[in-house]
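Source file: structure.txt (compact mmCIF, C-alpha atoms and all ligand atoms)
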# COMPACT_ATOMS: atom_id res chain seq x y z
CA MET O 1 0.00 0.00 0.00
CA GLU O 2 1.34 3.43 -0.95
CA LYS O 3 1.89 6.18 1.63
CA ARG O 4 0.20 9.40 0.48
CA ASN O 5 -0.38 12.79 2.12
CA GLN O 6 -0.15 13.38 5.87
CA LEU O 7 -3.62 13.79 7.36
CA TYR O 8 -2.78 14.50 10.96
CA GLU O 9 0.11 14.87 13.35
CA GLY O 10 -0.53 13.95 16.96
CA LYS O 11 1.75 14.04 19.97
CA ALA O 12 3.34 10.64 19.36
CA LYS O 13 2.24 9.61 15.86
CA LYS O 14 1.58 10.90 12.37
CA VAL O 15 -1.25 9.57 10.24
CA PHE O 16 -1.01 9.28 6.47
CA ALA O 17 -3.57 8.50 3.78
CA THR O 18 -2.91 5.56 1.47
CA ASP O 19 -4.10 4.72 -2.05
CA ASP O 20 -6.98 2.77 -0.43
CA PRO O 21 -9.62 4.95 1.30
CA GLU O 22 -10.24 2.23 3.93
CA TYR O 23 -6.64 2.24 5.22
CA TYR O 24 -4.25 4.64 6.91
CA ILE O 25 -0.56 4.42 7.73
CA VAL O 26 0.48 5.48 11.25
CA SER O 27 4.08 6.50 11.85
CA TYR O 28 5.43 6.43 15.41
CA LYS O 29 7.65 9.31 16.58
CA ASP O 30 10.13 9.58 19.46
CA ASP O 31 8.38 12.72 20.74
CA ALA O 32 7.00 12.49 24.24
CA THR O 33 4.59 14.82 26.01
CA ALA O 34 3.03 14.77 29.45
CA PHE O 35 0.60 16.84 31.51
CA ASN O 36 -1.57 17.69 28.52
CA GLY O 37 1.40 18.81 26.41
CA LEU O 38 2.99 21.02 29.09
CA LYS O 39 6.08 18.81 29.35
CA LYS O 40 7.80 17.97 26.07
CA GLY O 41 10.80 15.84 25.22
CA THR O 42 12.05 12.94 23.16
CA ILE O 43 12.67 9.35 24.14
CA ALA O 44 15.25 7.92 21.72
CA GLY O 45 13.98 4.79 19.99
CA LYS O 46 10.51 5.02 21.57
CA GLY O 47 8.69 5.12 18.23
CA VAL O 48 10.26 1.86 17.12
CA ILE O 49 9.46 0.12 20.41
CA ASN O 50 5.89 1.42 20.65
CA ASN O 51 5.15 0.48 17.04
CA ARG O 52 6.43 -3.06 17.45
CA MET O 53 4.97 -3.59 20.92
CA SER O 54 1.53 -2.27 20.04
CA ASN O 55 1.40 -4.40 16.89
CA ARG O 56 2.39 -7.56 18.73
CA LEU O 57 -0.16 -6.97 21.47
CA MET O 58 -2.94 -6.11 19.02
CA LYS O 59 -2.19 -9.23 16.99
CA ARG O 60 -2.64 -11.30 20.14
CA LEU O 61 -5.81 -9.44 21.12
CA GLU O 62 -7.21 -9.99 17.63
CA ALA O 63 -6.53 -13.74 18.03
CA ALA O 64 -8.34 -13.58 21.38
CA GLY O 65 -11.46 -12.15 19.68
CA ILE O 66 -11.01 -8.39 20.11
CA PRO O 67 -11.31 -6.51 16.79
CA THR O 68 -8.44 -4.03 16.26
CA HIS O 69 -7.25 -1.58 13.61
CA PHE O 70 -3.96 -3.46 13.11
CA VAL O 71 -3.35 -4.74 9.58
CA GLU O 72 0.38 -5.00 8.87
CA GLU O 73 3.69 -3.71 10.19
CA LEU O 74 5.35 -1.93 7.23
CA SER O 75 8.64 -0.86 8.81
CA GLU O 76 10.12 -0.22 12.22
CA ARG O 77 8.01 2.92 12.69
CA ASP O 78 5.16 2.50 10.17
CA THR O 79 2.05 0.37 10.40
CA LEU O 80 -0.90 -0.12 8.08
CA VAL O 81 -4.17 0.22 9.99
CA ARG O 82 -7.85 0.20 9.19
CA LYS O 83 -9.30 3.67 8.80
CA VAL O 84 -11.58 4.61 11.69
CA LYS O 85 -13.26 7.65 13.10
CA ILE O 86 -11.96 7.84 16.66
CA VAL O 87 -14.67 7.77 19.33
CA PRO O 88 -13.67 10.84 21.40
CA LEU O 89 -13.28 8.89 24.65
CA GLU O 90 -10.17 7.95 26.58
CA VAL O 91 -11.03 4.61 28.10
CA ILE O 92 -8.96 3.97 31.21
CA VAL O 93 -8.79 0.62 32.95
CA ARG O 94 -7.20 0.40 36.39
CA ASN O 95 -6.13 -2.62 38.41
CA ILE O 96 -4.02 -0.78 40.99
CA SER O 97 -4.24 2.82 42.23
CA ALA O 98 -1.81 5.26 40.60
CA GLY O 99 -1.53 8.60 38.83
CA SER O 100 -4.61 10.77 38.56
CA PHE O 101 -6.73 8.24 40.48
CA SER O 102 -4.48 8.49 43.54
CA LYS O 103 -4.34 12.26 43.23
CA ARG O 104 -8.08 12.72 42.72
CA TYR O 105 -9.15 10.51 45.61
CA GLY O 106 -6.19 11.15 47.92
CA ILE O 107 -4.94 7.58 48.21
CA ASP O 108 -1.49 6.03 47.93
CA GLU O 109 -0.30 4.48 44.69
CA GLY O 110 -0.01 0.68 44.60
CA ILE O 111 -3.29 -0.37 46.22
CA ALA O 112 -4.70 -3.34 44.28
CA PHE O 113 -8.44 -3.26 43.56
CA ASP O 114 -10.69 -6.31 44.05
CA GLU O 115 -12.10 -5.70 40.56
CA PRO O 116 -10.74 -3.60 37.68
CA THR O 117 -12.36 -0.20 37.13
CA VAL O 118 -13.25 1.38 33.79
CA GLU O 119 -13.52 5.14 33.45
CA PHE O 120 -14.07 7.49 30.55
CA SER O 121 -12.61 10.90 29.78
CA TYR O 122 -13.62 13.28 27.03
CA LYS O 123 -10.75 13.23 24.49
CA ASN O 124 -10.39 16.99 24.20
CA ASP O 125 -7.00 18.61 24.79
CA ALA O 126 -8.42 22.13 25.05
CA LEU O 127 -10.54 21.00 28.01
CA GLY O 128 -7.81 18.80 29.54
CA ASP O 129 -9.60 15.47 28.90
CA PRO O 130 -12.26 15.86 31.65
CA LEU O 131 -13.72 12.79 33.37
CA LEU O 132 -17.16 11.69 32.09
CA SER O 133 -19.96 9.64 33.60
CA GLU O 134 -21.80 7.26 31.25
CA ASP O 135 -24.80 9.64 31.34
CA HIS O 136 -22.53 12.49 30.27
CA ILE O 137 -21.41 10.44 27.26
CA GLN O 138 -25.06 10.15 26.19
CA ALA O 139 -25.81 13.81 26.92
CA LEU O 140 -22.85 14.92 24.81
CA LYS O 141 -23.73 12.31 22.15
CA LEU O 142 -20.15 11.01 22.11
CA ALA O 143 -21.30 7.38 21.80
CA THR O 144 -24.54 5.46 22.14
CA LYS O 145 -25.43 3.35 25.18
CA ASP O 146 -24.82 0.15 23.20
CA GLU O 147 -21.45 1.43 22.01
CA VAL O 148 -20.39 2.29 25.56
CA ALA O 149 -21.48 -1.16 26.76
CA LEU O 150 -19.45 -2.81 23.99
CA ILE O 151 -16.41 -0.62 24.64
CA ARG O 152 -16.59 -1.46 28.36
CA LYS O 153 -16.83 -5.18 27.55
CA TYR O 154 -13.82 -4.99 25.21
CA ALA O 155 -11.84 -2.91 27.74
CA LEU O 156 -12.33 -5.51 30.48
CA ALA O 157 -11.50 -8.39 28.13
CA ILE O 158 -8.34 -6.55 27.04
CA ASP O 159 -7.42 -6.01 30.70
CA LYS O 160 -7.84 -9.70 31.46
CA PHE O 161 -5.73 -10.71 28.49
CA LEU O 162 -2.97 -8.12 28.99
CA THR O 163 -2.77 -8.66 32.76
CA ALA O 164 -2.08 -12.37 32.20
CA PHE O 165 0.31 -11.68 29.32
CA TRP O 166 2.40 -9.13 31.23
CA LYS O 167 2.36 -11.32 34.35
CA ASP O 168 4.12 -14.02 32.33
CA CYS O 169 6.74 -11.39 31.44
CA GLY O 170 7.31 -10.52 35.11
CA VAL O 171 5.47 -7.22 34.67
CA THR O 172 2.42 -5.93 36.58
CA LEU O 173 -0.19 -4.10 34.52
CA VAL O 174 -1.28 -1.24 36.79
CA ASP O 175 -3.50 0.77 34.43
CA PHE O 176 -3.80 1.75 30.78
CA LYS O 177 -5.65 3.93 28.30
CA LEU O 178 -7.46 2.68 25.21
CA GLU O 179 -9.06 4.44 22.28
CA PHE O 180 -11.67 2.89 20.03
CA GLY O 181 -12.72 3.85 16.53
CA LYS O 182 -15.60 3.24 14.15
CA THR O 183 -15.05 1.79 10.69
CA SER O 184 -17.07 3.09 7.74
CA ASP O 185 -19.75 0.45 8.44
CA GLY O 186 -20.04 1.56 12.08
CA THR O 187 -18.15 -1.35 13.67
CA ILE O 188 -16.30 -0.46 16.88
CA ILE O 189 -12.67 -1.63 16.90
CA LEU O 190 -9.64 -1.01 19.11
CA ALA O 191 -7.42 1.75 17.67
CA ASP O 192 -4.51 3.97 18.79
CA GLU O 193 -1.71 2.08 20.59
CA ILE O 194 -0.85 -0.10 23.57
CA SER O 195 2.65 0.77 24.76
CA PRO O 196 4.63 2.05 27.76
CA ASP O 197 3.29 5.50 26.74
CA THR O 198 -0.26 4.38 27.45
CA CYS O 199 0.17 1.72 30.17
CA ARG O 200 1.66 1.73 33.65
CA LEU O 201 3.93 -1.30 33.83
CA TRP O 202 5.77 -2.18 37.04
CA ASP O 203 8.45 -4.84 37.44
CA SER O 204 6.60 -7.58 39.36
CA ALA O 205 9.63 -8.39 41.55
CA THR O 206 11.00 -4.94 42.37
CA GLY O 207 8.09 -2.57 41.65
CA GLU O 208 10.36 -0.54 39.39
CA LYS O 209 8.44 1.64 36.93
CA LEU O 210 8.95 0.53 33.31
CA ASP O 211 6.77 3.10 31.55
CA LYS O 212 6.24 6.77 30.74
CA ASP O 213 6.08 7.75 34.42
CA ARG O 214 9.91 7.69 34.26
CA PHE O 215 9.62 10.60 31.79
CA ARG O 216 6.69 12.34 33.51
CA ARG O 217 8.41 12.25 36.91
CA ASP O 218 12.02 12.74 35.74
CA LEU O 219 13.10 9.40 37.19
CA GLY O 220 15.85 8.82 34.58
CA GLY O 221 16.49 5.60 32.69
CA VAL O 222 13.54 6.23 30.38
CA GLU O 223 15.03 4.61 27.27
CA ASP O 224 16.29 1.63 29.29
CA ALA O 225 12.83 1.05 30.77
CA TYR O 226 11.17 0.99 27.34
CA ALA O 227 13.90 -1.35 26.05
CA GLU O 228 13.48 -3.62 29.09
CA VAL O 229 9.72 -4.13 28.65
CA MET O 230 10.24 -4.73 24.93
CA LYS O 231 12.91 -7.32 25.72
CA ARG O 232 10.55 -9.09 28.13
CA LEU O 233 7.77 -9.10 25.56
CA MET O 234 10.08 -10.54 22.88
CA ALA O 235 11.35 -13.20 25.28
CA HIS O 236 7.75 -14.28 25.86
CA GLU O 237 7.11 -14.92 22.14
N1 LIG T 301 -2.99 7.74 29.85
C1 LIG T 301 -2.65 7.97 28.53
N2 LIG T 301 -2.98 9.17 27.97
C2 LIG T 301 -3.62 10.15 28.66
C3 LIG T 301 -3.96 9.91 30.01
C4 LIG T 301 -3.62 8.70 30.57
O1 LIG T 301 -2.11 7.10 27.86
O2 LIG T 301 -3.90 11.23 28.09
C5 LIG T 301 -2.65 6.44 30.48
C6 LIG T 301 -1.51 6.58 31.47
O3 LIG T 301 -0.27 6.27 30.86
C7 LIG T 301 -1.87 5.55 32.52
C8 LIG T 301 -3.39 5.45 32.46
O4 LIG T 301 -3.76 6.01 31.21
O5 LIG T 301 -1.33 4.28 32.15
C9 LIG T 301 -4.07 6.18 33.58
O6 LIG T 301 -3.61 7.50 33.63
P1 LIG T 301 -4.10 8.53 34.73
O7 LIG T 301 -5.56 8.78 34.56
O8 LIG T 301 -3.66 8.06 36.07
O9 LIG T 301 -3.44 9.89 34.33
P2 LIG T 301 -1.97 10.46 34.53
O10 LIG T 301 -1.57 10.20 35.94
O11 LIG T 301 -1.14 9.74 33.52
O12 LIG T 301 -2.16 11.92 34.22
Could you render the structure as C-alpha cells?
Amino acid sequence: MEKRNQLYEGKAKKVFATDDPEYYIVSYKDDATAFNGLKKGTIAGKGVINNRMSNRLMKRLEAAGIPTHFVEELSERDTLVRKVKIVPLEVIVRNISAGSFSKRYGIDEGIAFDEPTVEFSYKNDALGDPLLSEDHIQALKLATKDEVALIRKYALAIDKFLTAFWKDCGVTLVDFKLEFGKTSDGTIILADEISPDTCRLWDSATGEKLDKDRFRRDLGGVEDAYAEVMKRLMAHE
C-alpha cells in the first residue's frame, strides 16, 4: 500500500492517507509529552518500540477475539491500519491505584483493587480530557449506550488478556488507556496504541516503573525502561 499525504500529526504519531480509502498508515515518533502537552521531550527509539509492541499486542488481542485496527507492520516505525473515526473517549482501565486516580481521591499508589475499574474521559486537549460519567457520554452524544457497553466489555477483556500476558513477562499491569474507533460500516474496533506511553507497567519483583512515568516524573532511565519491557515481551514470544 502506498503512503500518500499526511492527514494529521498527533503528539506521538503521524497519520497518512494511502491509495486505499479504507486504510491509513500510522508512523510512530520519538516525541513524548506529558501533563496535557505542558512537558515535552524525546525518548530515543521510543517510536520503534511502541510500534512493534503495540502491533504484537494487538495481533494477540485480535486472536483472542477483540477486533483491532492493526493490519500489517510496514517498517520499524510505520504500520498499516484500518481507517476509523476515533470515538472521542479515553477509556482507562485500572487494576491498581496510581496517577490521577491516587491524586483525585487522595490515596497512595499501589493499592490493588478487588475488581478492575473502567472510566471514561472526554478526548479533548483544550478542556484537559475531563472525566465523564456514562450519562454524560449520552448527553454529549459522544457514543450510544450500546457502544459504551461494547467498549466497556472490550476494555475488560483486554485487561484480562494483557494482565495475564504481562504477568508471564514478570510485569504488573497497573492501568492503561485505550481508544476505540468506528469503521465506515459503524463497527467499533480497538485503535490507537498499547505501549509504555499508554500503560503503567511495574516490574513484578521490584516494583520498578517501566513506563512513561519515568519521563513524567524525571526518574531517569527512560530509554532503558522501554527497552526492558520490549525485551521481556520478545522473550515471551
Ligand atoms: N494515559 C494515557 N494518555 C492520557 C492519560 C492517561 O495514555 O492522556 C494512560 C496513562 O499512561 C496511565 C493510564 O492512562 O497508564 C491512567 O492515567 P491517569 O488517569 O492516572 O493519568 P496520569 O496520571 O497519567 O495523568
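By only C-alpha atoms, and with residues fewer than 4 positions from Val87 of chain O along its chain excluded, the set lying at most 12 Å from it is Val91, Phe120, Ser121, Tyr122, Lys123, Asn124, Ile137, Lys141, Leu142, Ala143, Thr144, Glu147, Val148, Ile151, Leu178, Glu179, Phe180, Gly181, Lys182, Thr183, Gly186, Thr187, Ile188, Ile189, Leu190, Ala191 and Asp192 of chain O.
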Please produce a file of those selected residues containing C-alpha atoms, as a JSON list (two decimals), keeping the file's coordinate frame.
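Contents of again_7.json, as written:
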[["chain", "number", "residue", "atom", "x", "y", "z"],
["O", 91, "VAL", "CA", -11.03, 4.61, 28.10],
["O", 120, "PHE", "CA", -14.07, 7.49, 30.55],
["O", 121, "SER", "CA", -12.61, 10.90, 29.78],
["O", 122, "TYR", "CA", -13.62, 13.28, 27.03],
["O", 123, "LYS", "CA", -10.75, 13.23, 24.49],
["O", 124, "ASN", "CA", -10.39, 16.99, 24.20],
["O", 137, "ILE", "CA", -21.41, 10.44, 27.26],
["O", 141, "LYS", "CA", -23.73, 12.31, 22.15],
["O", 142, "LEU", "CA", -20.15, 11.01, 22.11],
["O", 143, "ALA", "CA", -21.30, 7.38, 21.80],
["O", 144, "THR", "CA", -24.54, 5.46, 22.14],
["O", 147, "GLU", "CA", -21.45, 1.43, 22.01],
["O", 148, "VAL", "CA", -20.39, 2.29, 25.56],
["O", 151, "ILE", "CA", -16.41, -0.62, 24.64],
["O", 178, "LEU", "CA", -7.46, 2.68, 25.21],
["O", 179, "GLU", "CA", -9.06, 4.44, 22.28],
["O", 180, "PHE", "CA", -11.67, 2.89, 20.03],
["O", 181, "GLY", "CA", -12.72, 3.85, 16.53],
["O", 182, "LYS", "CA", -15.60, 3.24, 14.15],
["O", 183, "THR", "CA", -15.05, 1.79, 10.69],
["O", 186, "GLY", "CA", -20.04, 1.56, 12.08],
["O", 187, "THR", "CA", -18.15, -1.35, 13.67],
["O", 188, "ILE", "CA", -16.30, -0.46, 16.88],
["O", 189, "ILE", "CA", -12.67, -1.63, 16.90],
["O", 190, "LEU", "CA", -9.64, -1.01, 19.11],
["O", 191, "ALA", "CA", -7.42, 1.75, 17.67],
["O", 192, "ASP", "CA", -4.51, 3.97, 18.79]]
Could you list the protein, DNA and RNA residues that have any atom within 9 Å of ligand LIG 301 (chain T), counting all atoms listed in the file, and write them as a short mmCIF file (atom, residue, chain, number, x, y, z; two decimals) with C-alpha atoms, keeping the file's coordinate frame?
data_model
loop_
_atom_site.label_atom_id
_atom_site.label_comp_id
_atom_site.auth_asym_id
_atom_site.auth_seq_id
_atom_site.Cartn_x
_atom_site.Cartn_y
_atom_site.Cartn_z
CA ALA O 34 3.03 14.77 29.45
CA PHE O 35 0.60 16.84 31.51
CA ASN O 36 -1.57 17.69 28.52
CA GLU O 90 -10.17 7.95 26.58
CA VAL O 91 -11.03 4.61 28.10
CA ILE O 92 -8.96 3.97 31.21
CA VAL O 93 -8.79 0.62 32.95
CA ARG O 94 -7.20 0.40 36.39
CA SER O 97 -4.24 2.82 42.23
CA ALA O 98 -1.81 5.26 40.60
CA GLY O 99 -1.53 8.60 38.83
CA SER O 100 -4.61 10.77 38.56
CA PHE O 101 -6.73 8.24 40.48
CA SER O 102 -4.48 8.49 43.54
CA LYS O 103 -4.34 12.26 43.23
CA GLU O 119 -13.52 5.14 33.45
CA SER O 121 -12.61 10.90 29.78
CA LYS O 123 -10.75 13.23 24.49
CA ASP O 125 -7.00 18.61 24.79
CA GLY O 128 -7.81 18.80 29.54
CA ASP O 129 -9.60 15.47 28.90
CA LEU O 173 -0.19 -4.10 34.52
CA VAL O 174 -1.28 -1.24 36.79
CA ASP O 175 -3.50 0.77 34.43
CA PHE O 176 -3.80 1.75 30.78
CA LYS O 177 -5.65 3.93 28.30
CA LEU O 178 -7.46 2.68 25.21
CA GLU O 193 -1.71 2.08 20.59
CA ILE O 194 -0.85 -0.10 23.57
CA SER O 195 2.65 0.77 24.76
CA PRO O 196 4.63 2.05 27.76
CA ASP O 197 3.29 5.50 26.74
CA THR O 198 -0.26 4.38 27.45
CA CYS O 199 0.17 1.72 30.17
CA ARG O 200 1.66 1.73 33.65
CA LEU O 201 3.93 -1.30 33.83
CA ASP O 211 6.77 3.10 31.55
CA LYS O 212 6.24 6.77 30.74
CA ASP O 213 6.08 7.75 34.42
CA ARG O 216 6.69 12.34 33.51
#
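One finds atom CA of Lys46 of chain O at 9.4 Å from atom CA of Val222 of chain O.
Relative to atom CA of His136 of chain O, atom CA of Ile107 of chain O is found at 25.6 Å.
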Which residues come within 7 Å of Val26 of chain O, counting only C-alpha atoms, excluding same-chain residues fewer than 4 positions away, as a CSV table (one decimal) with C-alpha atoms, in the coordinates of the input?
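Once everything was written out, this is result33.csv:
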chain,number,residue,atom,x,y,z
O,13,LYS,CA,2.2,9.6,15.9
O,14,LYS,CA,1.6,10.9,12.4
O,15,VAL,CA,-1.2,9.6,10.2
O,16,PHE,CA,-1.0,9.3,6.5
O,78,ASP,CA,5.2,2.5,10.2
O,79,THR,CA,2.0,0.4,10.4
O,80,LEU,CA,-0.9,-0.1,8.1
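Counting all atoms listed in the file, Thr18 of chain O has the following residues at most 9 Å away, ignoring those fewer than 5 positions along the same chain: Met1, Glu2, Lys3, Arg4, Asn5, Tyr23, Tyr24, Ile25 and Leu80 of chain O.
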Can you write out the residues you just picked, keeping C-alpha atoms, as a compact mmCIF listing (two decimals), in the coordinates of the input?
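Printed below is result-v1.txt as written:
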# COMPACT_ATOMS: atom_id res chain seq x y z
CA MET O 1 0.00 0.00 0.00
CA GLU O 2 1.34 3.43 -0.95
CA LYS O 3 1.89 6.18 1.63
CA ARG O 4 0.20 9.40 0.48
CA ASN O 5 -0.38 12.79 2.12
CA TYR O 23 -6.64 2.24 5.22
CA TYR O 24 -4.25 4.64 6.91
CA ILE O 25 -0.56 4.42 7.73
CA LEU O 80 -0.90 -0.12 8.08
Inset, instruction - May I have the residues within 6 Å of Val171 of chain O as a ChimeraX atom specification, using only C-alpha atoms and disregarding those fewer than 2 positions away in the same chain? - result: /O:166-167,169,202-204
Those same residues - C-alpha atoms - I'd like them written as a short mmCIF file (atom, residue, chain, number, x, y, z; two decimals), keeping the file's coordinate frame.
data_model
loop_
_atom_site.label_atom_id
_atom_site.label_comp_id
_atom_site.auth_asym_id
_atom_site.auth_seq_id
_atom_site.Cartn_x
_atom_site.Cartn_y
_atom_site.Cartn_z
CA TRP O 166 2.40 -9.13 31.23
CA LYS O 167 2.36 -11.32 34.35
CA CYS O 169 6.74 -11.39 31.44
CA TRP O 202 5.77 -2.18 37.04
CA ASP O 203 8.45 -4.84 37.44
CA SER O 204 6.60 -7.58 39.36
#
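Distances to Phe113 of chain O were evaluated for O:Asn95, O:Gly41, O:Leu7, O:Ala164 using all atoms listed in the file, and the minimum falls at O:Asn95.
Here atom CA of Ala32 of chain O stands at a distance of 6.9 Å from atom CA of Lys11 of chain O.
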Surrounding residues of Leu156 of chain O excluding itself and chain neighbours under 2 positions, 8 Å, only C-alpha atoms, as a PDB file with C-alpha atoms, in the coordinates of the input:
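Output (part37.pdb):
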ATOM      1  CA  VAL O  93      -8.790   0.620  32.950  1.00  0.00           C
ATOM      2  CA  PRO O 116     -10.740  -3.600  37.680  1.00  0.00           C
ATOM      3  CA  VAL O 118     -13.250   1.380  33.790  1.00  0.00           C
ATOM      4  CA  ARG O 152     -16.590  -1.460  28.360  1.00  0.00           C
ATOM      5  CA  LYS O 153     -16.830  -5.180  27.550  1.00  0.00           C
ATOM      6  CA  TYR O 154     -13.820  -4.990  25.210  1.00  0.00           C
ATOM      7  CA  ILE O 158      -8.340  -6.550  27.040  1.00  0.00           C
ATOM      8  CA  ASP O 159      -7.420  -6.010  30.700  1.00  0.00           C
ATOM      9  CA  LYS O 160      -7.840  -9.700  31.460  1.00  0.00           C
TER      10      LYS O 160
END
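Taking all atoms listed in the file into account, Ala17 of chain O lies nearest to O:Lys83 out of the set O:Lys83, O:Glu228, O:Leu127, O:Gly110.
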Output as lines of an AutoDock Vina configuration file the centre and edge lengths (Å, one decimal) of the box along x, y and z of the file that holds every listed atom of segment 14-20 of chain O after adding 6 Å on each side.
center_x = -2.7
center_y = 6.8
center_z = 5.2
size_x = 20.6
size_y = 20.1
size_z = 26.4
Inset, instruction - Go through O:Lys29, O:His236, O:Arg56, O:Lys85 one by one, measure the shortest atom-to-atom distance of each to Ile43 of chain O using all atoms listed in the file, and give the residue with the smallest value. - result: O:Lys29
Inset, instruction - Just give me the residues with any atom within 12 Å of (-4.8, -14.0, 22.3), file coordinates, counting all atoms listed in the file, written as a ChimeraX atom specification. - result: /O:56-67,157-165,237
Would you mind completing segment 36-43 of chain O so that it carries all heavy atoms, and writing it out as an mmCIF file, keeping the file's coordinate frame?
data_model
loop_
_atom_site.group_PDB
_atom_site.id
_atom_site.type_symbol
_atom_site.label_atom_id
_atom_site.label_comp_id
_atom_site.auth_asym_id
_atom_site.auth_seq_id
_atom_site.Cartn_x
_atom_site.Cartn_y
_atom_site.Cartn_z
ATOM 1 N N ASN O 36 -0.798 17.020 29.566
ATOM 2 C CA ASN O 36 -1.570 17.690 28.520
ATOM 3 C C ASN O 36 -0.688 18.592 27.644
ATOM 4 O O ASN O 36 -1.085 19.699 27.287
ATOM 5 C CB ASN O 36 -2.742 18.464 29.144
ATOM 6 C CG ASN O 36 -3.826 18.777 28.129
ATOM 7 O OD1 ASN O 36 -3.936 18.105 27.105
ATOM 8 N ND2 ASN O 36 -4.612 19.795 28.389
ATOM 9 N N GLY O 37 0.517 18.096 27.333
ATOM 10 C CA GLY O 37 1.400 18.810 26.410
ATOM 11 C C GLY O 37 2.310 19.834 27.069
ATOM 12 O O GLY O 37 3.156 20.440 26.400
ATOM 13 N N LEU O 38 2.168 20.027 28.373
ATOM 14 C CA LEU O 38 2.990 21.020 29.090
ATOM 15 C C LEU O 38 4.459 20.624 29.127
ATOM 16 O O LEU O 38 5.345 21.462 29.016
ATOM 17 C CB LEU O 38 2.468 21.176 30.533
ATOM 18 C CG LEU O 38 1.983 22.563 30.938
ATOM 19 C CD1 LEU O 38 0.915 23.090 29.982
ATOM 20 C CD2 LEU O 38 1.439 22.561 32.360
ATOM 21 N N LYS O 39 4.709 19.326 29.315
ATOM 22 C CA LYS O 39 6.080 18.810 29.350
ATOM 23 C C LYS O 39 6.355 18.141 28.006
ATOM 24 O O LYS O 39 5.578 17.304 27.563
ATOM 25 C CB LYS O 39 6.218 17.802 30.493
ATOM 26 C CG LYS O 39 7.618 17.249 30.700
ATOM 27 C CD LYS O 39 7.599 16.249 31.863
ATOM 28 C CE LYS O 39 8.885 15.465 31.959
ATOM 29 N NZ LYS O 39 9.949 16.194 32.635
ATOM 30 N N LYS O 40 7.471 18.519 27.383
ATOM 31 C CA LYS O 40 7.800 17.970 26.070
ATOM 32 C C LYS O 40 9.219 17.420 26.092
ATOM 33 O O LYS O 40 10.089 17.977 26.762
ATOM 34 C CB LYS O 40 7.747 19.075 25.004
ATOM 35 C CG LYS O 40 6.342 19.531 24.635
ATOM 36 C CD LYS O 40 6.399 20.408 23.376
ATOM 37 C CE LYS O 40 5.034 20.810 22.885
ATOM 38 N NZ LYS O 40 4.403 21.858 23.692
ATOM 39 N N GLY O 41 9.453 16.371 25.328
ATOM 40 C CA GLY O 41 10.800 15.840 25.220
ATOM 41 C C GLY O 41 10.847 14.773 24.152
ATOM 42 O O GLY O 41 9.879 14.590 23.396
ATOM 43 N N THR O 42 11.981 14.085 24.058
ATOM 44 C CA THR O 42 12.050 12.940 23.160
ATOM 45 C C THR O 42 12.601 11.759 23.948
ATOM 46 O O THR O 42 13.379 11.927 24.887
ATOM 47 C CB THR O 42 12.963 13.181 21.934
ATOM 48 O OG1 THR O 42 14.240 13.582 22.407
ATOM 49 C CG2 THR O 42 12.414 14.232 21.002
ATOM 50 N N ILE O 43 12.169 10.594 23.556
ATOM 51 C CA ILE O 43 12.670 9.350 24.140
ATOM 52 C C ILE O 43 13.242 8.574 22.958
ATOM 53 O O ILE O 43 12.486 8.097 22.097
ATOM 54 C CB ILE O 43 11.529 8.569 24.847
ATOM 55 C CG1 ILE O 43 10.895 9.434 25.959
ATOM 56 C CG2 ILE O 43 12.043 7.250 25.392
ATOM 57 C CD1 ILE O 43 9.656 8.826 26.619
#
